[in-house]
Amino acid sequence: METRDTRRTFLKKSLTLSTVAAGTMIFRGIDTLWGQISPEALPDLVAVKNGEPAAMFDAAIARAGGMPRFVQRGQTVVIKPNIGWNRPPETGANTHPELVKRIVAHCLDAGAKKVYVFDHAVDKGPKCYKKSGIEFAVKSAGGIMVPGSHKKYFQKVDIPDGEELKSTRVHELILESDVYINVPVLKHHSSSGLTLAMKNQMGVVWNRGYYHLKGLHRCIADFCHVRKPDLNVMDGYRITLRNGPSRADKDDVVIRKTLLLSSDIVAIDAAAARIFGKNPEEINHILYGHQTGIGNMDLSSLNIEKINLTG
Amino acid sequence: MTNPVQERQVKEKTGRTVNIRKATIRAVSAAVMMVLFILFFMDVHPASTGFLGQTMAGFQFFPALAGAVSGSTKAILLFTLLLLLSMVFGRIYCAVLCPLGIFQDMMIFLSRRYGKRKGIYPNPLKAYPFLWYAILILTALLFFAGSLIPINVMDPFSIFGRFCTLLILPVLSVMNNLLVSIAEHFHLFILTPVTPGPVFWSLFLLTYAWLIMVVSMAFYHGRLYCNTLCPVGAFFSLFSRKALFRFTIDEKLCTACGKCRRICRAGCADPVAGKIDLSRCVACFDCMDVCPEKAIGYRATTLSPGELPQNPMKKRLQKRTFLLSSLAAGAGIMALGLPLRTALARITSKTLALPFPVTPPGSLGIDHFSQTCVACLACVSVCPEKVLLPGLTDYGLAGIIQPGLDFNRSRCAYTCHACTRVCPSGAILPISLMEKQRTRIGRVVFEEKRCLVYTHKRDCGACAEVCPTHAVHTIKENNIHHPRLKPDACIGCGACQLVCPVTPKAIYVEAARVHETAAPAYFQKQKSKSPAEGMGPEDEFPF
């Protein structure tokens, strides 16, 4: 069972967090401690189980070489969680706010100049930011929430390598930021079977309807030619099993306390599909992503690091 | 007999005597009302908008009348209260309750300050009763014939509402976006840009023309608009001329200096004849304060100036007869008119636009809505989704400018019932969010032969993804997710129609002529016992 956030637990948590933060300042970052792992041994994918979102991310990023491997001092970072729905955290419709908060904190700790967070929500943007708890979480960690539901932020981009998606309007932060971190939530999806890291990128373009018109899976794969995320973090804390993506019934959502981390967007989706109990090739966009060389869905050929926080 | 409402004299701590002028009291209360109206129509805060919608906005003449005719007890009470108010105090409504009247007073204030003539109008005594009462009679006749068109066009409350919704709000959103751009230039993401609602040029021009007319009439001719065009003014004038409290000029004190004539915003004071035209007087109290001889009084009286003193008993009887007869006339008109109206409404409803307009949740259906909506557009200004938009001729002869939902532009958000909390006339009744989520305002229609999942054999599912009740959901066959309907669960929110990528739309919503209660949201359930079955053991990774 998940503990409720009472004032006392909140105070305790913030005290712990600030102690950790102070500690990292003295030791020049936890990440440097883990950074002693030789680069050749860095895993392609890290999978963590049985922890709270923040703790699972701490473990995963440490095993992946620490945040400084992805974020250099003075760089700008854009984090793209799933904030598509005007739904509270317990519905599992959006990315867990604690996870997003922790990623923001790690980026700032690694010396990022600015950490931006946005999503082009399906429901009314400002309401989703608020209801999902992500706006509060990001701001309290020092990140910046940027609007994502107005056309003016979206710049036209040509995709010469795209098969169906030849050009689209992309949020300028995705194009301008030094580091792009994609933080999807693992959910059943009524149109694409599952919504994972590749599908989550539909929230950085303006015209989603075009994807639906031209072929959902093909366009999702095509978009990866614009910019692949530097890091993908899959939130599998709460998993929507059916009636996704937004308004599942209460018993359709299960707590599985899982987190995946990879810089390979196809590999992380393949692993997430497996966690859901599906073969990756069942989800067409994963298959297309593998075929066009965007990433590798063959998990057996990857160096996967598995961490169980209870064990 | 002494004046019962003599000027209040307040002793300040300094010992100085300060006169609080009645005109000032009137102006301040009007100003307070104006602030409330702006809070309401500009939707400054959802809580205040909802509260004002349920309280202040009900005290409006046509909303109360339309509500009363639709059978709302609250509206009947409010309407009676307004009637009694005018019978006792004259056109107080025009002085402190009517937003358009107060708006004109603001123009008059500017005119007095900056205008060339300093608020002195050239033809103060000219009245246009023929036009004025013709508009009133036309409005009343068409209202009982089942058409709200004259009310929609002429209701001062609605006119002011449209000034706010159609003229001021778009300007404010443009200004907001300008501020957003400036702030973002300095990398400050503190404001959210908004997308203004669509502009309907015909309606925009109508409203703009009306604004120019009202502003120029007020600036140059005071409350001429209220006394020439406004049906509410015409209606209250019938009572104000015989009201209990009346403005009278004491001929013994009056020196015919003409100060009252020059200040009167309604142009109704005639000191030479010793009369004030009470039908046109909007009860602003300016004349009382300007009179150097204190010759103008506001007294409970049965005597018109110039009338011969009569037997007081007889006068009192006359008064009572007047009150009773006007109440009886009102009741009679209602009793006779209502059945007629119901019969004629059948004819007007045949002139509805096709496809039928979708009316907002809480409006019971097209007939109730079009027969009650005064077109103030308060609901349009609060609709966060900008799905509720003013129409022009959607409701045919029943009414114009009345809003409807346009699912090609937006959809009705499942977690929102903002419009149901602001309607002053009860065209949209207040319903809870839970009720709204079960209220069917339209029915989904799915045309498989247009749907590209069926024609192109590939995933789309845009409709199922956004359906809040899973009335449209997908069934996986051959690894393709096929949209299927569970129409009982459909509430007609229009989300599916909005996102359907094909033209013409493969899925769309047809208006429900009469709103219904939908079945609860539909959820697909697997037959397996454990919900997480198939996901593998909890402590292991499946790779």
# chains A, B, ... in the order shown; residues from 1 in each chain; ligands from 1
>>> select_by_dssp(residues="range 96-259 of chain A", states="strand (DSSP E or B)", output="VMD selection string")
chain A and resid 114 to 117 144 to 145 154 to 158 167 to 171 179 to 183 185 to 189 193 to 195 205 231 to 240 253 to 259
>>> interface_residues(of="chain B", to="chain A", cutoff="6 Å", atoms="only C-alpha atoms", output="PyMOL selection string")
chain B and resi 189+460-461+465+474+481+501+534-535
>>> write_last_selection(atoms="N, CA and C atoms", output="short mmCIF file (atom, residue, chain, number, x, y, z; two decimals), in the first residue's frame")
data_model
loop_
_atom_site.label_atom_id
_atom_site.label_comp_id
_atom_site.auth_asym_id
_atom_site.auth_seq_id
_atom_site.Cartn_x
_atom_site.Cartn_y
_atom_site.Cartn_z
N PHE B 189 8.04 32.20 -17.51
CA PHE B 189 6.83 31.46 -17.88
C PHE B 189 5.84 31.54 -16.73
N CYS B 460 -6.43 3.82 -35.61
CA CYS B 460 -6.63 5.27 -35.47
C CYS B 460 -7.12 5.49 -34.04
N GLY B 461 -8.40 5.15 -33.78
CA GLY B 461 -8.90 5.15 -32.40
C GLY B 461 -8.93 6.48 -31.70
N GLU B 465 -10.12 7.08 -27.62
CA GLU B 465 -9.13 7.63 -26.69
C GLU B 465 -9.71 8.76 -25.86
N THR B 474 -12.66 0.53 -28.15
CA THR B 474 -12.12 -0.27 -29.25
C THR B 474 -12.07 -1.74 -28.87
N HIS B 481 -7.26 -2.01 -33.57
CA HIS B 481 -8.27 -1.59 -32.59
C HIS B 481 -9.46 -0.96 -33.30
N PRO B 501 -10.38 12.28 -37.52
CA PRO B 501 -9.53 12.95 -38.50
C PRO B 501 -10.08 12.94 -39.93
N GLY B 534 -1.36 -12.25 -16.36
CA GLY B 534 -0.82 -12.01 -17.69
C GLY B 534 0.34 -11.04 -17.66
N MET B 535 0.54 -10.41 -16.52
CA MET B 535 1.66 -9.49 -16.41
C MET B 535 2.87 -10.17 -15.77
#
>>> atom_distance(atom1="CA of Val44 in chain B", atom2="CA of Leu179 in chain B")
17.5 Å
>>> select_by_dssp(residues="range 82-214 of chain B", states="helix (DSSP H, G or I)", output="NGL selection string")
:B and (82-89 or 92-97 or 99-114 or 129-144 or 149-154 or 156-185 or 201-214)
>>> closest_residue(among="A:Pro160, A:Gly142, A:Pro97, A:Gly203", to="Glu52 in chain A", atoms="only C-alpha atoms")
A:Pro97
>>> residues_around(residues="range 284-291 of chain B", least_positions_apart="6", cutoff="12 Å", atoms="only C-alpha atoms", output="VMD selection string")
chain B and resid 5 to 7 19 to 30 89 to 97 101 to 102 105 108 222 to 223 246 to 250 253 to 271 276 278 297 to 299
>>> write_last_selection(atoms="C-alpha atoms", output="tab-separated table (two decimals), in the first residue's frame")
chain	number	residue	atom	x	y	z
B	5	VAL	CA	-36.30	60.60	3.14
B	6	GLN	CA	-34.70	63.89	4.03
B	7	GLU	CA	-31.05	64.30	3.31
B	19	ASN	CA	-24.20	66.09	3.46
B	20	ILE	CA	-24.40	62.67	1.92
B	21	ARG	CA	-26.28	63.44	-1.23
B	22	LYS	CA	-28.86	60.99	-2.41
B	23	ALA	CA	-27.48	61.15	-5.93
B	24	THR	CA	-24.13	60.03	-4.52
B	25	ILE	CA	-25.73	57.10	-2.72
B	26	ARG	CA	-27.41	56.15	-5.97
B	27	ALA	CA	-24.19	56.53	-7.97
B	28	VAL	CA	-22.15	54.51	-5.48
B	29	SER	CA	-24.66	51.66	-5.41
B	30	ALA	CA	-24.75	51.70	-9.19
B	89	PHE	CA	-40.03	53.41	-5.92
B	90	GLY	CA	-40.39	54.01	-9.66
B	91	ARG	CA	-37.64	53.07	-12.08
B	92	ILE	CA	-35.05	52.19	-9.43
B	93	TYR	CA	-34.27	49.19	-11.63
B	94	CYS	CA	-33.01	51.54	-14.34
B	95	ALA	CA	-30.97	53.48	-11.79
B	96	VAL	CA	-29.10	50.75	-9.92
B	97	LEU	CA	-29.91	47.30	-11.30
B	101	GLY	CA	-28.21	51.84	-17.64
B	102	ILE	CA	-25.18	52.09	-15.37
B	105	ASP	CA	-24.33	56.66	-16.69
B	108	ILE	CA	-22.87	60.54	-19.08
B	222	GLY	CA	-28.25	61.12	-21.65
B	223	ARG	CA	-30.65	58.25	-21.06
B	246	ARG	CA	-42.55	60.13	-6.79
B	247	PHE	CA	-40.38	63.06	-7.65
B	248	THR	CA	-42.40	66.26	-7.34
B	249	ILE	CA	-41.59	69.94	-7.72
B	250	ASP	CA	-42.94	72.12	-4.97
B	253	LEU	CA	-40.41	76.89	-3.59
B	254	CYS	CA	-39.47	76.53	-7.27
B	255	THR	CA	-37.98	79.63	-8.89
B	256	ALA	CA	-37.81	77.98	-12.31
B	257	CYS	CA	-34.05	78.47	-12.40
B	258	GLY	CA	-33.82	75.50	-14.75
B	259	LYS	CA	-30.91	73.75	-13.01
B	260	CYS	CA	-32.84	70.48	-12.75
B	261	ARG	CA	-33.77	70.66	-16.40
B	262	ARG	CA	-30.14	71.03	-17.38
B	263	ILE	CA	-28.85	68.19	-15.21
B	264	CYS	CA	-31.64	65.68	-15.88
B	265	ARG	CA	-30.12	62.72	-17.72
B	266	ALA	CA	-33.53	61.54	-18.85
B	267	GLY	CA	-34.61	65.01	-20.00
B	268	CYS	CA	-37.82	64.68	-18.07
B	269	ALA	CA	-37.74	67.64	-15.63
B	270	ASP	CA	-39.76	70.61	-16.73
B	271	PRO	CA	-39.58	73.33	-14.04
B	276	ILE	CA	-41.39	65.84	-13.90
B	278	LEU	CA	-42.24	60.25	-14.18
B	297	GLY	CA	-38.91	66.06	-3.21
B	298	TYR	CA	-39.12	62.31	-3.44
B	299	ARG	CA	-42.24	61.61	-1.47
>>> closest_residue(among="A:Pro68, A:Pro229, A:Gly111, A:Gly92", to="Lys80 in chain A", atoms="only C-alpha atoms")
A:Pro229
>>> closest_residue(among="B:Leu77, B:Ala300, B:Ala489, B:Val514", to="Phe356 in chain B", atoms="only C-alpha atoms")
B:Val514
>>> residues_around(residues="Glu176 in chain A", least_positions_apart="6", cutoff="12 Å", atoms="only C-alpha atoms", output="list in words")
Gln75, Thr76, Val77, Val78, Tyr116, Tyr153, Phe154, Gln155, Val170 and Arg227 of chain A
>>> residues_around(residues="Ile294 in chain A", least_positions_apart="4", cutoff="7 Å", atoms="only C-alpha atoms", output="PyMOL selection string")
chain A and resi 224+266+289-290
>>> residues_around(residues="Ala512 in chain B", least_positions_apart="3", cutoff="10 Å", atoms="only C-alpha atoms", output="JSON list (two decimals) with N, CA and C atoms, in the first residue's frame")
[["chain", "number", "residue", "atom", "x", "y", "z"],
["B", 356, "PHE", "N", -30.01, 20.06, -35.81],
["B", 356, "PHE", "CA", -30.42, 20.79, -34.61],
["B", 356, "PHE", "C", -29.21, 21.25, -33.79],
["B", 357, "PRO", "N", -29.30, 22.44, -33.23],
["B", 357, "PRO", "CA", -28.21, 22.88, -32.36],
["B", 357, "PRO", "C", -28.18, 22.04, -31.08],
["B", 358, "VAL", "N", -26.97, 21.79, -30.57],
["B", 358, "VAL", "CA", -26.81, 21.07, -29.30],
["B", 358, "VAL", "C", -26.86, 22.09, -28.18],
["B", 359, "THR", "N", -27.78, 21.87, -27.24],
["B", 359, "THR", "CA", -27.91, 22.84, -26.14],
["B", 359, "THR", "C", -27.10, 22.35, -24.94],
["B", 364, "LEU", "N", -32.25, 21.10, -20.40],
["B", 364, "LEU", "CA", -33.39, 20.19, -20.56],
["B", 364, "LEU", "C", -33.66, 19.79, -22.00],
["B", 365, "GLY", "N", -33.37, 20.67, -22.92],
["B", 365, "GLY", "CA", -33.63, 20.36, -24.32],
["B", 365, "GLY", "C", -33.77, 21.64, -25.11],
["B", 366, "ILE", "N", -33.95, 21.48, -26.41],
["B", 366, "ILE", "CA", -33.99, 22.65, -27.28],
["B", 366, "ILE", "C", -35.15, 23.57, -26.93],
["B", 440, "ARG", "N", -27.47, 13.38, -21.13],
["B", 440, "ARG", "CA", -27.21, 13.20, -22.56],
["B", 440, "ARG", "C", -27.75, 14.39, -23.35],
["B", 441, "ILE", "N", -26.82, 15.17, -23.89],
["B", 441, "ILE", "CA", -27.22, 16.35, -24.67],
["B", 441, "ILE", "C", -27.25, 16.03, -26.15],
["B", 442, "GLY", "N", -26.69, 14.89, -26.51],
["B", 442, "GLY", "CA", -26.69, 14.47, -27.91],
["B", 442, "GLY", "C", -26.40, 12.99, -27.99],
["B", 443, "ARG", "N", -26.59, 12.44, -29.16],
["B", 443, "ARG", "CA", -26.36, 11.00, -29.33],
["B", 443, "ARG", "C", -25.28, 10.78, -30.38],
["B", 444, "VAL", "N", -24.42, 9.81, -30.11],
["B", 444, "VAL", "CA", -23.32, 9.54, -31.03],
["B", 444, "VAL", "C", -23.82, 8.73, -32.22],
["B", 491, "ILE", "N", -23.02, 10.58, -23.62],
["B", 491, "ILE", "CA", -23.65, 11.79, -23.12],
["B", 491, "ILE", "C", -23.61, 12.92, -24.15],
["B", 492, "GLY", "N", -23.02, 12.63, -25.30],
["B", 492, "GLY", "CA", -23.02, 13.63, -26.38],
["B", 492, "GLY", "C", -22.07, 14.78, -26.16],
["B", 509, "VAL", "N", -21.98, 13.75, -33.31],
["B", 509, "VAL", "CA", -23.04, 13.79, -32.31],
["B", 509, "VAL", "C", -24.25, 14.52, -32.89],
["B", 515, "HIS", "N", -33.17, 16.42, -23.52],
["B", 515, "HIS", "CA", -32.05, 15.75, -22.86],
["B", 515, "HIS", "C", -32.54, 14.52, -22.09],
["B", 516, "GLU", "N", -31.64, 13.54, -21.99],
["B", 516, "GLU", "CA", -32.00, 12.29, -21.33],
["B", 516, "GLU", "C", -30.93, 11.97, -20.28]]
>>> atom_distance(atom1="CA of Asn182 in chain A", atom2="CA of Ala495 in chain B")
27.0 Å
>>> atom_distance(atom1="CA of Pro468 in chain B", atom2="CA of Tyr522 in chain B")
9.4 Å
